[in-house]
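**Q** Here you go, this is final_24.cif (mmCIF, C-alpha atoms; chains and numbers go by the auth columns).
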data_my_file
#
loop_
_atom_site.group_PDB
_atom_site.id
_atom_site.type_symbol
_atom_site.label_atom_id
_atom_site.label_comp_id
_atom_site.label_asym_id
_atom_site.label_seq_id
_atom_site.Cartn_x
_atom_site.Cartn_y
_atom_site.Cartn_z
_atom_site.B_iso_or_equiv
_atom_site.auth_seq_id
_atom_site.auth_asym_id
ATOM 1 C CA MET A 1 -184.306 17.737 -21.767 0.00 1 A
ATOM 2 C CA GLU A 2 -186.051 20.998 -22.204 0.00 2 A
ATOM 3 C CA ASN A 3 -189.699 20.071 -21.854 0.00 3 A
ATOM 4 C CA ASN A 4 -192.038 17.239 -20.998 0.00 4 A
ATOM 5 C CA LYS A 5 -192.555 16.299 -24.639 0.00 5 A
ATOM 6 C CA GLN A 6 -188.858 15.545 -25.137 0.00 6 A
ATOM 7 C CA ARG A 7 -188.698 13.681 -21.820 0.00 7 A
ATOM 8 C CA ALA A 8 -191.650 11.504 -22.840 0.00 8 A
ATOM 9 C CA LYS A 9 -190.059 10.858 -26.240 0.00 9 A
ATOM 10 C CA ALA A 10 -186.808 9.720 -24.600 0.00 10 A
ATOM 11 C CA LEU A 11 -188.606 7.480 -22.094 0.00 11 A
ATOM 12 C CA LYS A 12 -190.671 5.907 -24.870 0.00 12 A
ATOM 13 C CA CYS A 13 -187.494 5.207 -26.840 0.00 13 A
ATOM 14 C CA VAL A 14 -185.736 3.628 -23.855 0.00 14 A
ATOM 15 C CA THR A 15 -188.605 1.346 -22.852 0.00 15 A
ATOM 16 C CA LYS A 16 -188.522 -0.472 -26.218 0.00 16 A
ATOM 17 C CA LEU A 17 -185.445 -2.474 -25.196 0.00 17 A
ATOM 18 C CA HIS A 18 -185.781 -5.965 -23.756 0.00 18 A
ATOM 19 C CA GLY A 19 -184.704 -6.685 -20.182 0.00 19 A
ATOM 20 C CA ILE A 20 -185.620 -3.332 -18.653 0.00 20 A
ATOM 21 C CA VAL A 21 -186.977 -3.501 -15.101 0.00 21 A
ATOM 22 C CA SER A 22 -187.507 0.204 -14.374 0.00 22 A
ATOM 23 C CA VAL A 23 -186.944 3.620 -15.945 0.00 23 A
ATOM 24 C CA SER A 24 -186.952 6.950 -14.135 0.00 24 A
ATOM 25 C CA ALA A 25 -186.295 10.472 -15.382 0.00 25 A
ATOM 26 C CA ASP A 26 -184.730 13.244 -13.304 0.00 26 A
ATOM 27 C CA ASP A 27 -183.942 16.758 -14.546 0.00 27 A
ATOM 28 C CA ASP A 28 -181.578 15.883 -17.406 0.00 28 A
ATOM 29 C CA LYS A 29 -180.835 12.233 -16.634 0.00 29 A
ATOM 30 C CA ILE A 30 -182.613 8.983 -17.329 0.00 30 A
ATOM 31 C CA THR A 31 -181.878 6.049 -15.035 0.00 31 A
ATOM 32 C CA VAL A 32 -182.396 2.609 -16.578 0.00 32 A
ATOM 33 C CA VAL A 33 -182.334 -0.577 -14.482 0.00 33 A
ATOM 34 C CA GLY A 34 -182.497 -4.057 -15.960 0.00 34 A
ATOM 35 C CA GLU A 35 -180.752 -7.266 -16.934 0.00 35 A
ATOM 36 C CA GLY A 36 -178.817 -7.816 -20.144 0.00 36 A
ATOM 37 C CA ILE A 37 -179.222 -4.278 -21.483 0.00 37 A
ATOM 38 C CA ASP A 38 -176.763 -3.361 -24.231 0.00 38 A
ATOM 39 C CA SER A 39 -175.440 0.084 -23.262 0.00 39 A
ATOM 40 C CA VAL A 40 -174.146 0.834 -26.768 0.00 40 A
ATOM 41 C CA LYS A 41 -177.510 0.047 -28.332 0.00 41 A
ATOM 42 C CA LEU A 42 -179.267 2.149 -25.700 0.00 42 A
ATOM 43 C CA SER A 43 -177.069 5.182 -26.359 0.00 43 A
ATOM 44 C CA MET A 44 -177.394 4.801 -30.144 0.00 44 A
ATOM 45 C CA MET A 45 -181.200 4.699 -29.881 0.00 45 A
ATOM 46 C CA LEU A 46 -181.214 7.860 -27.771 0.00 46 A
ATOM 47 C CA ARG A 47 -178.817 9.641 -30.137 0.00 47 A
ATOM 48 C CA LYS A 48 -181.015 8.844 -33.138 0.00 48 A
ATOM 49 C CA LYS A 49 -184.174 10.143 -31.441 0.00 49 A
ATOM 50 C CA MET A 50 -182.852 12.955 -29.252 0.00 50 A
ATOM 51 C CA GLY A 51 -179.695 14.136 -31.004 0.00 51 A
ATOM 52 C CA PHE A 52 -177.360 13.897 -27.997 0.00 52 A
ATOM 53 C CA ALA A 53 -176.906 11.186 -25.414 0.00 53 A
ATOM 54 C CA GLU A 54 -174.112 10.478 -22.965 0.00 54 A
ATOM 55 C CA LEU A 55 -173.576 7.451 -20.730 0.00 55 A
ATOM 56 C CA VAL A 56 -172.593 8.638 -17.289 0.00 56 A
ATOM 57 C CA MET A 57 -172.192 5.329 -15.473 0.00 57 A
ATOM 58 C CA VAL A 58 -172.631 1.627 -16.156 0.00 58 A
ATOM 59 C CA THR A 59 -172.516 -0.619 -13.096 0.00 59 A
ATOM 60 C CA PRO A 60 -173.478 -4.222 -12.475 0.00 60 A
ATOM 61 C CA GLU A 61 -176.275 -4.852 -10.050 0.00 61 A
ATOM 62 C CA LYS A 62 -175.241 -5.802 -6.530 0.00 62 A
ATOM 63 C CA GLU A 63 -175.218 -9.529 -6.041 0.00 63 A
ATOM 64 C CA LYS A 64 -176.886 -11.189 -3.119 0.00 64 A
ATOM 65 C CA THR A 65 -174.590 -12.064 -0.265 0.00 65 A
ATOM 66 C CA GLU A 66 -174.156 -15.711 0.532 0.00 66 A
ATOM 67 C CA LEU A 67 -175.097 -17.021 3.935 0.00 67 A
ATOM 68 C CA ASP A 68 -172.385 -18.056 6.374 0.00 68 A
ATOM 69 C CA ALA A 69 -171.664 -21.742 6.878 0.00 69 A
ATOM 70 C CA LYS A 70 -172.479 -21.408 10.589 0.00 70 A
ATOM 71 C CA SER A 71 -175.946 -20.033 9.971 0.00 71 A
ATOM 72 C CA MET A 72 -176.858 -22.797 7.536 0.00 72 A
ATOM 73 C CA GLN A 73 -177.964 -26.057 9.101 0.00 73 A
ATOM 74 C CA PRO A 74 -177.761 -29.283 7.107 0.00 74 A
ATOM 75 C CA LEU A 75 -181.099 -30.680 6.090 0.00 75 A
ATOM 76 C CA VAL A 76 -181.792 -33.899 7.957 0.00 76 A
ATOM 77 C CA GLN A 77 -184.567 -36.011 6.566 0.00 77 A
ATOM 78 C CA PRO A 78 -186.111 -38.746 8.696 0.00 78 A
ATOM 79 C CA ILE A 79 -185.624 -42.334 7.607 0.00 79 A
ATOM 80 C CA TYR A 80 -188.808 -44.291 7.414 0.00 80 A
ATOM 81 C CA TYR A 81 -188.770 -48.050 7.866 0.00 81 A
ATOM 82 C CA TYR A 82 -191.687 -50.029 6.562 0.00 82 A
ATOM 83 C CA ALA A 83 -192.509 -53.444 7.937 0.00 83 A
ATOM 84 C CA TYR A 84 -194.255 -55.729 5.532 0.00 84 A
ATOM 85 C CA PRO A 85 -196.024 -58.831 6.812 0.00 85 A
ATOM 86 C CA ALA A 86 -194.278 -62.010 5.831 0.00 86 A
#
Kindly return the structure encoded in the file as structure tokens.

**A**
Amino acid sequence: MENNKQRAKALKCVTKLHGIVSVSADDDKITVVGEGIDSVKLSMMLRKKMGFAELVMVTPEKEKTELDAKSMQPLVQPIYYYAYPA
């Protein structure tokens, strides 16, 4: 992107998609983070507005690690007994 006007135009185009969490622009690259973003649709939108767009990398977001079985304690709920007068 040659100037700030083109960068703003590209960012405005990208933010129209649903599921975007964050967008950041470096020198010639735009980084898009989100859930359920269609990469083909994203590149087509940028090509229509900007003339040239290239996908460098598409990666899934890192999943949360599960806790070990040793660190998890079973939940013990107290048993309450009620005495009713007879």

**Q** If you count only C-alpha atoms, which residues fall within 12 Å of Thr31 in chain A, apart from same-chain ones fewer than 4 positions away, as a list in words?

**A**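 Surrounding residues, per the criterion: Ala10, Leu11, Val14, Thr15, Ile20, Val21, Ser22, Val23, Ser24, Ala25, Asp26, Asp27, Leu42, Glu54, Leu55, Val56, Met57, Val58 and Thr59 of chain A.
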
**Q** Restricting the calculation to all atoms listed in the file: of A:Arg7, A:Tyr80, A:Glu35, A:Met45, which residue gets closest to Pro60 in chain A?

**A**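 Ranked by minimum distance to Pro60 in chain A, first place goes to A:Glu35.
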
**Q** Grab the CA of Leu17 in chain A to CA of Ile37 in chain A distance for me, in Å with one decimal place.

**A**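 Calculated distance between CA of Leu17 in chain A and CA of Ile37 in chain A is 7.5 Å.
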
**Q** What's the separation between CA of Ile30 in chain A and CA of Ser43 in chain A, in Å to one decimal place?

**A** 11.3 Å

**Q** What's the separation between CA of Met50 in chain A and CA of Lys16 in chain A, in Å to one decimal place?

**A** 14.9 Å

**Q** Return the single residue from A:Leu46, A:Ile79, A:Val40, A:Val33 that is closest to Cys13 in chain A, with distances computed using all atoms listed in the file.

**A** A:Leu46
